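As stored in query.pdb (PDB, C-alpha atoms):
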```
ATOM      1  CA  MET X   1       0.143  92.666  78.050
ATOM      2  CA  GLY X   2       0.053  94.565  81.361
ATOM      3  CA  VAL X   3       1.475  91.615  83.321
ATOM      4  CA  ILE X   4       4.357  91.231  80.847
ATOM      5  CA  MET X   5       5.098  94.938  81.137
ATOM      6  CA  LEU X   6       5.176  94.693  84.943
ATOM      7  CA  ARG X   7       7.609  91.776  84.763
ATOM      8  CA  ASN X   8       9.945  93.792  82.538
ATOM      9  CA  TYR X   9      10.021  96.692  85.004
ATOM     10  CA  THR X  10      10.003  94.825  88.330
ATOM     11  CA  LEU X  11      13.340  96.225  89.544
ATOM     12  CA  GLU X  12      12.377  99.777  88.572
ATOM     13  CA  ILE X  13       9.030  99.485  90.381
ATOM     14  CA  ILE X  14      10.678  98.105  93.533
ATOM     15  CA  THR X  15      13.252 100.904  93.422
ATOM     16  CA  LEU X  16      10.549 103.542  92.977
ATOM     17  CA  ILE X  17       8.600 102.158  95.945
ATOM     18  CA  ALA X  18      11.754 102.110  98.091
ATOM     19  CA  VAL X  19      12.565 105.727  97.175
ATOM     20  CA  VAL X  20       9.010 106.883  97.966
ATOM     21  CA  VAL X  21       9.092 105.062 101.327
ATOM     22  CA  PHE X  22      12.508 106.558 102.154
ATOM     23  CA  ILE X  23      11.373 110.090 101.287
ATOM     24  CA  THR X  24       8.185 109.657 103.320
ATOM     25  CA  LEU X  25      10.103 108.399 106.367
ATOM     26  CA  PHE X  26      12.633 111.219 106.017
ATOM     27  CA  LEU X  27       9.891 113.849 105.899
ATOM     28  CA  ILE X  28       8.071 112.342 108.892
ATOM     29  CA  VAL X  29      11.216 112.150 111.006
ATOM     30  CA  SER X  30      12.596 115.551 110.015
ATOM     31  CA  THR X  31       9.388 117.529 110.622
ATOM     32  CA  GLY X  32       9.162 116.602 114.287
ATOM     33  CA  GLY X  33      11.565 117.964 116.868
ATOM     34  CA  ASN X  34      14.520 120.275 116.751
ATOM     35  CA  HIS X  35      17.280 118.809 114.586
ATOM     36  CA  GLU X  36      20.625 120.474 114.170
ATOM     37  CA  PHE X  37      23.385 119.111 111.973
ATOM     38  CA  ALA X  38      26.690 118.516 113.703
ATOM     39  CA  GLY X  39      29.569 117.500 111.469
ATOM     40  CA  SER X  40      31.545 114.375 112.235
ATOM     41  CA  ASP X  41      34.669 116.452 112.915
ATOM     42  CA  ASP X  42      32.914 118.348 115.690
ATOM     43  CA  VAL X  43      31.388 115.241 117.243
ATOM     44  CA  GLY X  44      34.683 113.325 117.074
ATOM     45  CA  SER X  45      36.665 116.185 118.588
ATOM     46  CA  GLN X  46      34.194 116.542 121.436
ATOM     47  CA  ARG X  47      34.255 112.797 122.118
ATOM     48  CA  ILE X  48      38.076 112.730 122.190
ATOM     49  CA  ALA X  49      38.086 115.732 124.511
ATOM     50  CA  GLU X  50      35.681 113.912 126.870
ATOM     51  CA  MET X  51      37.808 110.754 126.850
ATOM     52  CA  THR X  52      41.187 112.443 127.354
ATOM     53  CA  GLY X  53      40.179 115.442 129.440
ATOM     54  CA  VAL X  54      41.973 117.784 127.013
ATOM     55  CA  PRO X  55      39.890 120.792 125.876
ATOM     56  CA  VAL X  56      38.725 120.777 122.243
ATOM     57  CA  ASP X  57      40.513 124.067 121.535
ATOM     58  CA  SER X  58      43.922 122.567 122.293
ATOM     59  CA  ILE X  59      43.447 119.553 119.973
ATOM     60  CA  SER X  60      45.105 120.142 116.603
ATOM     61  CA  PRO X  61      45.418 117.817 113.591
ATOM     62  CA  LEU X  62      48.748 116.225 112.664
ATOM     63  CA  ILE X  63      48.456 117.591 109.120
ATOM     64  CA  PRO X  64      47.263 121.207 108.978
ATOM     65  CA  GLN X  65      44.044 121.669 107.039
ATOM     66  CA  TYR X  66      43.951 124.073 104.091
ATOM     67  CA  VAL X  67      41.380 126.812 104.601
ATOM     68  CA  PRO X  68      40.432 128.561 101.348
ATOM     69  CA  PRO X  69      40.415 132.366 101.454
ATOM     70  CA  SER X  70      36.762 132.603 100.342
ATOM     71  CA  GLY X  71      33.599 130.573  99.977
ATOM     72  CA  GLU X  72      33.753 130.815  96.178
ATOM     73  CA  ILE X  73      37.158 129.145  96.075
ATOM     74  CA  GLU X  74      35.931 126.454  98.451
ATOM     75  CA  ALA X  75      32.894 125.791  96.225
ATOM     76  CA  THR X  76      35.112 125.701  93.128
ATOM     77  CA  LEU X  77      37.476 123.183  94.723
ATOM     78  CA  PHE X  78      34.515 121.027  95.749
ATOM     79  CA  ALA X  79      33.089 121.175  92.204
ATOM     80  CA  LEU X  80      36.478 120.222  90.744
ATOM     81  CA  GLN X  81      36.725 117.307  93.158
ATOM     82  CA  ALA X  82      33.234 116.119  92.177
ATOM     83  CA  ALA X  83      34.001 116.481  88.465
ATOM     84  CA  PHE X  84      37.267 114.568  88.824
ATOM     85  CA  GLY X  85      35.478 111.778  90.692
ATOM     86  CA  GLY X  86      32.774 111.636  88.018
ATOM     87  CA  ILE X  87      35.387 111.372  85.269
ATOM     88  CA  ILE X  88      37.167 108.534  87.085
ATOM     89  CA  LEU X  89      33.889 106.670  87.645
ATOM     90  CA  GLY X  90      32.927 107.158  83.999
ATOM     91  CA  LEU X  91      36.261 105.797  82.831
ATOM     92  CA  VAL X  92      36.047 102.745  85.096
ATOM     93  CA  PHE X  93      32.451 101.888  84.153
ATOM     94  CA  GLY X  94      33.175 102.546  80.476
ATOM     95  CA  TYR X  95      36.155 100.228  80.635
ATOM     96  CA  TRP X  96      34.082  97.501  82.273
ATOM     97  CA  ILE X  97      31.310  97.833  79.705
ATOM     98  CA  GLY X  98      33.867  97.777  76.880
ATOM     99  CA  GLN X  99      35.463  94.629  78.281
ATOM    100  CA  LYS X 100      32.055  92.975  78.608
ATOM    101  CA  LYS X 101      31.109  93.880  75.022
ATOM    102  CA  GLN X 102      34.483  92.684  73.726
ATOM    103  CA  LYS X 103      34.056  89.307  75.423
ATOM    104  CA  SER X 104      30.508  88.826  74.135
ATOM    105  CA  GLY X 105      31.491  89.762  70.592
ATOM    106  CA  PRO X 106      29.925  92.156  68.088
TER     107      PRO X 106
END
```
As structure tokens, how would this structure be written, given the file I've shared?
Amino acid sequence: MGVIMLRNYTLEIITLIAVVVFITLFLIVSTGGNHEFAGSDDVGSQRIAEMTGVPVDSISPLIPQYVPPSGEIEATLFALQAAFGGIILGLVFGYWIGQKKQKSGP
């Protein structure tokens, strides 16, 4: 009975092992050394400044970026964006599941 149970949950077991290995590697790598997060905007701007010789301060985007007046508004906009994305994903996956069930019959 134990072997049959393992066969039924093979994908879940492999996924669990992969997650544990990933977390272990992350903890090992992140505990050693001095790591500081640098956003991709900062790194990209610095790289462009190095390539062109133009200082980073004088580089401006073509479309001005909206800066919310407070951190609470920024967090609210981010939460709304995440909720909207979740709703869209739910609708798409629900539609696909409905189509699959409709094709297979009741």
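Going from CA of Val92 in chain X to CA of Ser104 in chain X covers 18.6 Å.
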Selection under test: the PyMOL selection byres ((chain X and resi 56) around 10); residues as a PyMOL selection string: chain X and resi 42+44-50+53-55+57-60
Point-to-point distance from CA of Lys101 in chain X to CA of Leu11 in chain X, Å rounded to tenths: 23.1 Å
Taking all listed atoms of range 66-85 of chain X, build the axis-aligned box, pad each of the six sides by 8 Å, then write its centre and edge lengths in Å to one decimal as JSON.
```
{"center_x": 38.4, "center_y": 122.2, "center_z": 96.5, "size_x": 27.1, "size_y": 36.8, "size_z": 32.1}
```
Point-to-point distance in Å for CA of Ile73 in chain X and CA of Gly86 in chain X: 19.8 Å
